[in-house]
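Structure below is upload-v6.txt: compact mmCIF, N, CA and C atoms.
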# COMPACT_ATOMS: atom_id res chain seq x y z
N MET A 166 52.77 -162.71 -73.63
CA MET A 166 52.05 -163.18 -74.78
C MET A 166 53.01 -163.94 -75.67
N PHE A 167 52.61 -165.07 -76.18
CA PHE A 167 53.42 -165.86 -77.09
C PHE A 167 52.93 -165.63 -78.50
N TYR A 168 53.86 -165.57 -79.42
CA TYR A 168 53.52 -165.35 -80.81
C TYR A 168 53.70 -166.65 -81.59
N THR A 169 52.85 -166.85 -82.56
CA THR A 169 52.99 -168.03 -83.41
C THR A 169 53.05 -167.58 -84.85
N THR A 170 53.65 -168.41 -85.64
CA THR A 170 53.61 -168.21 -87.08
C THR A 170 52.98 -169.44 -87.67
N PRO A 171 52.30 -169.32 -88.80
CA PRO A 171 51.61 -170.47 -89.36
C PRO A 171 52.55 -171.65 -89.55
N GLY A 172 52.16 -172.77 -89.01
CA GLY A 172 52.90 -174.01 -89.20
C GLY A 172 54.09 -174.21 -88.29
N SER A 173 54.45 -173.22 -87.46
CA SER A 173 55.66 -173.38 -86.66
C SER A 173 55.38 -173.69 -85.19
N GLY A 174 54.18 -173.55 -84.74
CA GLY A 174 53.89 -173.78 -83.33
C GLY A 174 54.34 -172.58 -82.52
N TRP A 175 54.57 -172.77 -81.23
CA TRP A 175 54.96 -171.68 -80.35
C TRP A 175 56.42 -171.29 -80.60
N LEU A 176 56.68 -170.00 -80.61
CA LEU A 176 58.05 -169.51 -80.67
C LEU A 176 58.60 -169.40 -79.26
N ASP A 177 59.85 -169.61 -79.12
CA ASP A 177 60.52 -169.47 -77.84
C ASP A 177 60.43 -168.01 -77.39
N PRO A 178 59.87 -167.73 -76.20
CA PRO A 178 59.74 -166.33 -75.76
C PRO A 178 61.09 -165.64 -75.61
N LEU A 179 62.15 -166.36 -75.23
CA LEU A 179 63.46 -165.73 -75.11
C LEU A 179 64.00 -165.32 -76.48
N ARG A 180 63.73 -166.12 -77.49
CA ARG A 180 64.15 -165.78 -78.84
C ARG A 180 63.43 -164.52 -79.30
N GLU A 181 62.15 -164.42 -78.98
CA GLU A 181 61.38 -163.23 -79.34
C GLU A 181 61.90 -161.99 -78.61
N MET A 182 62.28 -162.14 -77.34
CA MET A 182 62.84 -161.02 -76.59
C MET A 182 64.17 -160.59 -77.20
N GLU A 183 65.00 -161.53 -77.62
CA GLU A 183 66.28 -161.21 -78.25
C GLU A 183 66.04 -160.47 -79.57
N ARG A 184 65.04 -160.91 -80.34
CA ARG A 184 64.72 -160.24 -81.60
C ARG A 184 64.30 -158.80 -81.34
N MET A 185 63.48 -158.59 -80.30
CA MET A 185 63.04 -157.24 -79.97
C MET A 185 64.21 -156.37 -79.50
N ARG A 186 65.15 -156.95 -78.73
CA ARG A 186 66.33 -156.21 -78.29
C ARG A 186 67.17 -155.78 -79.48
N GLN A 187 67.37 -156.69 -80.44
CA GLN A 187 68.13 -156.36 -81.63
C GLN A 187 67.45 -155.25 -82.44
N GLU A 188 66.14 -155.32 -82.52
CA GLU A 188 65.39 -154.29 -83.24
C GLU A 188 65.53 -152.94 -82.54
N MET A 189 65.48 -152.93 -81.21
CA MET A 189 65.66 -151.67 -80.46
C MET A 189 67.07 -151.14 -80.65
N ASP A 190 68.09 -152.03 -80.63
CA ASP A 190 69.46 -151.59 -80.88
C ASP A 190 69.58 -150.95 -82.25
N ARG A 191 68.96 -151.57 -83.25
CA ARG A 191 69.01 -151.03 -84.61
C ARG A 191 68.33 -149.67 -84.65
N LEU A 192 67.16 -149.56 -84.04
CA LEU A 192 66.42 -148.31 -84.04
C LEU A 192 67.20 -147.20 -83.35
N PHE A 193 67.72 -147.47 -82.15
CA PHE A 193 68.46 -146.44 -81.44
C PHE A 193 69.78 -146.13 -82.13
N GLY A 194 70.37 -147.11 -82.80
CA GLY A 194 71.60 -146.86 -83.56
C GLY A 194 71.37 -145.89 -84.69
N GLU A 195 70.19 -145.97 -85.32
CA GLU A 195 69.86 -145.05 -86.42
C GLU A 195 69.48 -143.68 -85.89
N LEU A 196 68.74 -143.63 -84.79
CA LEU A 196 68.25 -142.36 -84.27
C LEU A 196 69.32 -141.60 -83.49
N MET A 197 70.16 -142.34 -82.77
CA MET A 197 71.17 -141.69 -81.93
C MET A 197 72.54 -142.33 -82.17
N PRO A 198 73.19 -141.96 -83.26
CA PRO A 198 74.47 -142.59 -83.58
C PRO A 198 75.58 -142.27 -82.60
N THR A 199 75.37 -141.28 -81.74
CA THR A 199 76.42 -140.95 -80.78
C THR A 199 76.42 -141.89 -79.58
N LEU A 200 75.35 -142.70 -79.40
CA LEU A 200 75.37 -143.69 -78.33
C LEU A 200 76.47 -144.70 -78.61
N ARG A 201 77.28 -144.97 -77.63
CA ARG A 201 78.39 -145.91 -77.82
C ARG A 201 78.11 -147.19 -77.07
N ARG A 202 78.46 -148.29 -77.70
CA ARG A 202 78.43 -149.56 -77.01
C ARG A 202 79.72 -149.68 -76.20
N GLU A 203 79.81 -150.74 -75.43
CA GLU A 203 81.03 -150.95 -74.65
C GLU A 203 82.21 -151.10 -75.59
N PHE A 204 83.36 -150.59 -75.16
CA PHE A 204 84.58 -150.71 -75.95
C PHE A 204 85.61 -151.45 -75.14
N PRO A 205 86.31 -152.35 -75.76
CA PRO A 205 86.23 -152.73 -77.16
C PRO A 205 85.16 -153.79 -77.39
N PRO A 206 84.61 -153.84 -78.61
CA PRO A 206 83.67 -154.94 -78.91
C PRO A 206 84.42 -156.26 -78.89
N MET A 207 83.77 -157.28 -78.34
CA MET A 207 84.42 -158.59 -78.18
C MET A 207 83.53 -159.72 -78.68
N ASN A 208 84.18 -160.78 -79.13
CA ASN A 208 83.53 -162.06 -79.39
C ASN A 208 84.19 -163.06 -78.44
N ILE A 209 83.39 -163.95 -77.87
CA ILE A 209 83.92 -164.94 -76.92
C ILE A 209 83.40 -166.31 -77.32
N TRP A 210 84.32 -167.25 -77.52
CA TRP A 210 83.97 -168.63 -77.84
C TRP A 210 84.43 -169.51 -76.69
N ALA A 211 83.61 -170.48 -76.33
CA ALA A 211 83.98 -171.40 -75.25
C ALA A 211 83.87 -172.83 -75.78
N GLY A 212 84.84 -173.64 -75.38
CA GLY A 212 84.84 -175.06 -75.69
C GLY A 212 85.26 -175.83 -74.46
N GLU A 213 85.36 -177.13 -74.60
CA GLU A 213 85.77 -177.97 -73.46
C GLU A 213 87.14 -177.61 -72.94
N ASN A 214 88.04 -177.20 -73.85
CA ASN A 214 89.44 -176.98 -73.47
C ASN A 214 89.77 -175.54 -73.08
N GLY A 215 88.85 -174.61 -73.31
CA GLY A 215 89.14 -173.24 -72.95
C GLY A 215 88.25 -172.24 -73.65
N VAL A 216 88.69 -170.98 -73.59
CA VAL A 216 87.94 -169.86 -74.14
C VAL A 216 88.86 -169.08 -75.07
N VAL A 217 88.30 -168.56 -76.15
CA VAL A 217 89.02 -167.66 -77.04
C VAL A 217 88.23 -166.36 -77.09
N VAL A 218 88.93 -165.25 -76.85
CA VAL A 218 88.32 -163.93 -76.89
C VAL A 218 89.01 -163.13 -77.98
N THR A 219 88.22 -162.50 -78.85
CA THR A 219 88.78 -161.56 -79.81
C THR A 219 88.18 -160.20 -79.51
N ALA A 220 89.01 -159.16 -79.61
CA ALA A 220 88.58 -157.80 -79.34
C ALA A 220 89.08 -156.89 -80.45
N GLN A 221 88.21 -156.01 -80.93
CA GLN A 221 88.60 -155.02 -81.93
C GLN A 221 89.16 -153.81 -81.21
N VAL A 222 90.44 -153.53 -81.44
CA VAL A 222 91.08 -152.39 -80.80
C VAL A 222 91.87 -151.58 -81.83
N PRO A 223 91.17 -151.04 -82.84
CA PRO A 223 91.88 -150.26 -83.85
C PRO A 223 92.47 -149.00 -83.25
N GLY A 224 93.65 -148.65 -83.72
CA GLY A 224 94.30 -147.44 -83.24
C GLY A 224 94.99 -147.60 -81.90
N VAL A 225 95.02 -148.80 -81.37
CA VAL A 225 95.69 -149.05 -80.09
C VAL A 225 96.95 -149.87 -80.38
N ARG A 226 98.07 -149.42 -79.82
CA ARG A 226 99.31 -150.18 -79.98
C ARG A 226 99.32 -151.34 -78.99
N PRO A 227 99.89 -152.48 -79.36
CA PRO A 227 99.94 -153.62 -78.42
C PRO A 227 100.57 -153.26 -77.08
N ASP A 228 101.56 -152.37 -77.09
CA ASP A 228 102.21 -151.97 -75.83
C ASP A 228 101.29 -151.17 -74.93
N ASP A 229 100.19 -150.63 -75.48
CA ASP A 229 99.25 -149.84 -74.69
C ASP A 229 98.10 -150.68 -74.13
N LEU A 230 98.18 -152.00 -74.29
CA LEU A 230 97.14 -152.90 -73.78
C LEU A 230 97.60 -153.58 -72.50
N GLU A 231 96.69 -153.73 -71.56
CA GLU A 231 96.95 -154.47 -70.33
C GLU A 231 95.86 -155.53 -70.19
N ILE A 232 96.27 -156.79 -70.09
CA ILE A 232 95.33 -157.91 -69.97
C ILE A 232 95.56 -158.56 -68.62
N THR A 233 94.49 -158.72 -67.84
CA THR A 233 94.60 -159.44 -66.57
C THR A 233 93.51 -160.51 -66.52
N VAL A 234 93.88 -161.62 -65.87
CA VAL A 234 92.96 -162.74 -65.71
C VAL A 234 92.98 -163.16 -64.25
N HIS A 235 91.77 -163.34 -63.71
CA HIS A 235 91.65 -163.86 -62.35
C HIS A 235 90.46 -164.81 -62.32
N GLU A 236 90.75 -166.08 -62.06
CA GLU A 236 89.73 -167.14 -62.05
C GLU A 236 88.91 -167.13 -63.34
N ASN A 237 87.67 -166.65 -63.30
CA ASN A 237 86.85 -166.66 -64.51
C ASN A 237 86.57 -165.24 -65.02
N THR A 238 87.49 -164.31 -64.75
CA THR A 238 87.29 -162.92 -65.16
C THR A 238 88.47 -162.45 -66.00
N LEU A 239 88.16 -161.83 -67.14
CA LEU A 239 89.16 -161.24 -68.01
C LEU A 239 88.95 -159.73 -68.03
N THR A 240 90.03 -158.97 -67.83
CA THR A 240 89.97 -157.52 -67.89
C THR A 240 90.95 -157.03 -68.95
N LEU A 241 90.46 -156.15 -69.81
CA LEU A 241 91.28 -155.56 -70.86
C LEU A 241 91.25 -154.05 -70.66
N LYS A 242 92.44 -153.47 -70.52
CA LYS A 242 92.57 -152.02 -70.35
C LYS A 242 93.51 -151.49 -71.42
N GLY A 243 93.30 -150.24 -71.77
CA GLY A 243 94.18 -149.62 -72.74
C GLY A 243 93.85 -148.16 -72.93
N ARG A 244 94.47 -147.61 -73.96
CA ARG A 244 94.25 -146.19 -74.26
C ARG A 244 94.37 -145.98 -75.77
N ARG A 245 93.39 -145.23 -76.31
CA ARG A 245 93.45 -144.82 -77.71
C ARG A 245 93.80 -143.34 -77.74
N GLU A 246 94.81 -143.02 -78.51
CA GLU A 246 95.24 -141.63 -78.62
C GLU A 246 94.40 -140.93 -79.69
N PRO A 247 94.19 -139.60 -79.54
CA PRO A 247 93.44 -138.88 -80.57
C PRO A 247 94.22 -138.78 -81.87
N ASP A 248 93.51 -138.54 -82.95
CA ASP A 248 94.15 -138.36 -84.25
C ASP A 248 95.10 -137.16 -84.18
N PRO A 249 96.31 -137.29 -84.71
CA PRO A 249 97.24 -136.16 -84.67
C PRO A 249 96.71 -134.93 -85.42
N GLN A 250 95.90 -135.15 -86.47
CA GLN A 250 95.36 -134.03 -87.24
C GLN A 250 94.46 -133.15 -86.37
N ALA A 251 93.81 -133.75 -85.36
CA ALA A 251 92.88 -133.01 -84.52
C ALA A 251 93.60 -131.99 -83.64
N ALA A 252 94.89 -132.18 -83.43
CA ALA A 252 95.64 -131.27 -82.57
C ALA A 252 96.10 -130.02 -83.31
N ALA A 253 96.00 -130.00 -84.63
CA ALA A 253 96.44 -128.83 -85.39
C ALA A 253 95.54 -127.64 -85.06
N PRO A 254 96.11 -126.47 -84.86
CA PRO A 254 95.32 -125.31 -84.44
C PRO A 254 94.33 -124.81 -85.50
N ASP A 255 94.59 -125.08 -86.76
CA ASP A 255 93.72 -124.57 -87.82
C ASP A 255 92.71 -125.61 -88.31
N VAL A 256 92.48 -126.66 -87.51
CA VAL A 256 91.57 -127.74 -87.92
C VAL A 256 90.42 -127.84 -86.93
N ALA A 257 89.20 -128.00 -87.45
CA ALA A 257 88.03 -128.21 -86.60
C ALA A 257 87.32 -129.47 -87.10
N TYR A 258 86.77 -130.23 -86.17
CA TYR A 258 86.05 -131.44 -86.57
C TYR A 258 84.83 -131.09 -87.41
N HIS A 259 84.64 -131.81 -88.48
CA HIS A 259 83.40 -131.77 -89.24
C HIS A 259 82.46 -132.84 -88.70
N ARG A 260 83.03 -134.00 -88.36
CA ARG A 260 82.29 -135.10 -87.75
C ARG A 260 83.28 -135.89 -86.90
N GLN A 261 82.88 -136.25 -85.69
CA GLN A 261 83.74 -137.05 -84.83
C GLN A 261 82.92 -138.22 -84.31
N GLU A 262 83.22 -139.42 -84.80
CA GLU A 262 82.51 -140.63 -84.39
C GLU A 262 83.42 -141.57 -83.62
N ARG A 263 84.73 -141.45 -83.80
CA ARG A 263 85.66 -142.32 -83.10
C ARG A 263 86.04 -141.68 -81.77
N SER A 264 85.95 -142.46 -80.72
CA SER A 264 86.32 -141.96 -79.40
C SER A 264 87.79 -142.24 -79.14
N TYR A 265 88.33 -141.55 -78.16
CA TYR A 265 89.70 -141.80 -77.75
C TYR A 265 89.78 -141.62 -76.24
N GLY A 266 90.92 -142.04 -75.71
CA GLY A 266 91.12 -141.97 -74.27
C GLY A 266 91.26 -143.36 -73.69
N SER A 267 91.24 -143.43 -72.37
CA SER A 267 91.40 -144.71 -71.66
C SER A 267 90.11 -145.52 -71.73
N PHE A 268 90.28 -146.83 -71.73
CA PHE A 268 89.13 -147.72 -71.69
C PHE A 268 89.46 -148.92 -70.82
N ALA A 269 88.44 -149.56 -70.31
CA ALA A 269 88.59 -150.80 -69.54
C ALA A 269 87.32 -151.60 -69.73
N ARG A 270 87.49 -152.88 -69.91
CA ARG A 270 86.33 -153.77 -70.05
C ARG A 270 86.63 -155.07 -69.32
N THR A 271 85.70 -155.49 -68.48
CA THR A 271 85.82 -156.74 -67.75
C THR A 271 84.66 -157.63 -68.14
N VAL A 272 84.98 -158.89 -68.46
CA VAL A 272 83.94 -159.85 -68.82
C VAL A 272 84.10 -161.11 -67.98
N ALA A 273 82.96 -161.69 -67.63
CA ALA A 273 82.96 -162.97 -66.92
C ALA A 273 83.05 -164.09 -67.95
N LEU A 274 83.94 -165.01 -67.72
CA LEU A 274 84.11 -166.16 -68.60
C LEU A 274 83.25 -167.31 -68.08
N PRO A 275 82.93 -168.29 -68.93
CA PRO A 275 82.02 -169.35 -68.49
C PRO A 275 82.61 -170.32 -67.46
N PHE A 276 83.92 -170.26 -67.25
CA PHE A 276 84.57 -171.12 -66.25
C PHE A 276 85.94 -170.54 -65.92
N ARG A 277 86.57 -171.09 -64.87
CA ARG A 277 87.92 -170.65 -64.50
C ARG A 277 88.88 -171.00 -65.63
N VAL A 278 89.93 -170.19 -65.76
CA VAL A 278 90.96 -170.46 -66.75
C VAL A 278 92.31 -170.52 -66.05
N ASP A 279 93.29 -171.09 -66.74
CA ASP A 279 94.64 -171.23 -66.20
C ASP A 279 95.45 -169.98 -66.59
N PRO A 280 95.66 -169.03 -65.67
CA PRO A 280 96.32 -167.77 -66.03
C PRO A 280 97.77 -167.95 -66.48
N GLU A 281 98.41 -169.04 -66.07
CA GLU A 281 99.80 -169.27 -66.45
C GLU A 281 99.95 -169.67 -67.92
N LYS A 282 98.86 -170.10 -68.54
CA LYS A 282 98.92 -170.59 -69.92
C LYS A 282 98.18 -169.69 -70.91
N VAL A 283 97.79 -168.50 -70.48
CA VAL A 283 97.09 -167.56 -71.36
C VAL A 283 98.04 -167.07 -72.44
N ASN A 284 97.53 -167.00 -73.67
CA ASN A 284 98.32 -166.54 -74.81
C ASN A 284 97.57 -165.41 -75.49
N ALA A 285 98.26 -164.29 -75.77
CA ALA A 285 97.63 -163.16 -76.44
C ALA A 285 98.47 -162.77 -77.64
N ARG A 286 97.77 -162.46 -78.74
CA ARG A 286 98.46 -161.98 -79.94
C ARG A 286 97.64 -160.86 -80.56
N PHE A 287 98.32 -160.02 -81.33
CA PHE A 287 97.71 -158.81 -81.89
C PHE A 287 98.04 -158.75 -83.37
N ASP A 288 97.01 -158.56 -84.21
CA ASP A 288 97.23 -158.48 -85.65
C ASP A 288 96.18 -157.57 -86.28
N ASN A 289 96.62 -156.53 -86.95
CA ASN A 289 95.73 -155.61 -87.68
C ASN A 289 94.58 -155.08 -86.83
N GLY A 290 94.86 -154.69 -85.60
CA GLY A 290 93.82 -154.11 -84.75
C GLY A 290 92.92 -155.12 -84.06
N ILE A 291 93.21 -156.41 -84.22
CA ILE A 291 92.42 -157.46 -83.55
C ILE A 291 93.30 -158.14 -82.51
N LEU A 292 92.84 -158.11 -81.27
CA LEU A 292 93.52 -158.81 -80.18
C LEU A 292 92.84 -160.16 -80.01
N THR A 293 93.63 -161.22 -79.99
CA THR A 293 93.11 -162.57 -79.74
C THR A 293 93.74 -163.10 -78.47
N VAL A 294 92.91 -163.50 -77.52
CA VAL A 294 93.38 -164.03 -76.24
C VAL A 294 92.87 -165.46 -76.11
N GLU A 295 93.79 -166.41 -75.96
CA GLU A 295 93.44 -167.82 -75.75
C GLU A 295 93.62 -168.13 -74.28
N LEU A 296 92.55 -168.61 -73.66
CA LEU A 296 92.54 -168.85 -72.21
C LEU A 296 92.20 -170.32 -71.96
N PRO A 297 93.21 -171.17 -71.73
CA PRO A 297 92.93 -172.59 -71.52
C PRO A 297 92.31 -172.88 -70.16
N ARG A 298 91.50 -173.90 -70.16
CA ARG A 298 90.85 -174.36 -68.93
C ARG A 298 91.82 -175.28 -68.18
N PRO A 299 91.93 -175.15 -66.86
CA PRO A 299 92.81 -176.05 -66.11
C PRO A 299 92.37 -177.50 -66.26
N GLU A 300 93.32 -178.40 -66.32
CA GLU A 300 93.01 -179.83 -66.48
C GLU A 300 92.05 -180.32 -65.41
N ALA A 301 92.25 -179.85 -64.18
CA ALA A 301 91.41 -180.32 -63.07
C ALA A 301 89.95 -179.89 -63.22
N ASP A 302 89.70 -178.84 -64.00
CA ASP A 302 88.35 -178.31 -64.16
C ASP A 302 87.64 -178.81 -65.42
N LYS A 303 88.37 -179.54 -66.27
CA LYS A 303 87.74 -180.02 -67.50
C LYS A 303 86.73 -181.12 -67.20
N PRO A 304 85.64 -181.13 -67.95
CA PRO A 304 84.66 -182.21 -67.73
C PRO A 304 85.28 -183.57 -68.06
N ARG A 305 84.93 -184.54 -67.28
CA ARG A 305 85.42 -185.90 -67.52
C ARG A 305 84.24 -186.83 -67.71
N ARG A 306 84.41 -187.74 -68.65
CA ARG A 306 83.38 -188.75 -68.87
C ARG A 306 83.57 -189.87 -67.86
N ILE A 307 82.50 -190.25 -67.22
CA ILE A 307 82.55 -191.30 -66.20
C ILE A 307 81.99 -192.60 -66.80
N GLN A 308 82.79 -193.63 -66.73
CA GLN A 308 82.37 -194.92 -67.23
C GLN A 308 81.46 -195.59 -66.22
N VAL A 309 80.31 -196.03 -66.66
CA VAL A 309 79.36 -196.73 -65.79
C VAL A 309 79.66 -198.22 -65.90
N LYS A 310 79.90 -198.86 -64.75
CA LYS A 310 80.24 -200.26 -64.72
C LYS A 310 79.01 -201.09 -64.35
N LYS A 311 78.97 -202.28 -64.88
CA LYS A 311 77.88 -203.18 -64.53
C LYS A 311 78.12 -203.70 -63.12
N ALA A 312 77.03 -203.92 -62.40
CA ALA A 312 77.13 -204.40 -61.03
C ALA A 312 77.48 -205.85 -60.97
Could you show the structure in this file as C-alpha cells?
Amino acid sequence: MFYTTPGSGWLDPLREMERMRQEMDRLFGELMPTLRREFPPMNIWAGENGVVVTAQVPGVRPDDLEITVHENTLTLKGRREPDPQAAAPDVAYHRQERSYGSFARTVALPFRVDPEKVNARFDNGILTVELPRPEADKPRRIQVKKA
C-alpha cells in the first residue's frame, strides 16, 4: 500500500519502510534497553577518491584495536576491559549498560580500497580510518569525439 500526504503525491515506498524501521528501533529501544546494536557503531562516507569510516570505541586503547582490509571489506577487532571498580569484592552493580569483552565487526565497503595507503587515527574514543580507492578503480570521464 502506498501512502500519500495532501499535495505531495506518492511517497517513496522505501522511504516509508525506512521510517517504519526507525520507529520500530525507537520503540524497542525504549521497551528493551538491554538490546544491543552492533559494536562499535560506525559511520561510513564514500566519495570518488575513497571511503572514510569513523567508529566509536570508548574505553578501548588504540593498542587494543586490530584493523584489517581485504579488497572491499574492513574488519575492526578489539577488546573493552571491564571497569576496575566492578572487580572490587564489596561492590555490586546497581545498573550495567556498558558491555565489555572482545568485539569484531566486518563491513562491506562500496568498492575496493588500496590497503597499502590506509590511514587510521584515534582521538577521544573515535577511530577514523581513511581508505583510498586505487587509481585504476577510480571512475574516469570519457571524452566523446565527433566522427
Might you pull out every residue within 8 Å of Val222 (chain A), with only C-alpha atoms counted and same-chain residues fewer than 6 positions away left off, and present them as a PyMOL selection string?
chain A and resi 205+290-292
Which value, in Å to one decimal, gives the distance between CA of Asp279 (chain A) and atom N of Ala301 (chain A)?
9.2 Å
By how many Å are CA of Pro206 (chain A) and atom N of Arg184 (chain A) apart?
19.6 Å
From the DSSP assignment of the backbone, select every residue of region 174-276 of chain A that is alpha helix (DSSP H), and format the answer as a VMD selection string.
chain A and resid 178 to 196
DSSP on the backbone: which residues in chain A end up as strand (DSSP E)? Give the answer as a PyMOL selection string.
chain A and resi 169-170+174-175+207-212+215-221+231-235+238-245+266-273+284-288+291-297
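Distances here use all atoms listed in the file; by that measure, the residue among A:His259, A:Lys310, A:Arg245, A:Arg277 closest to Pro297 (chain A) is A:Arg277.
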One number please: atom C of Ile307 (chain A) to atom C of Trp210 (chain A), in Å, one decimal.
25.2 Å
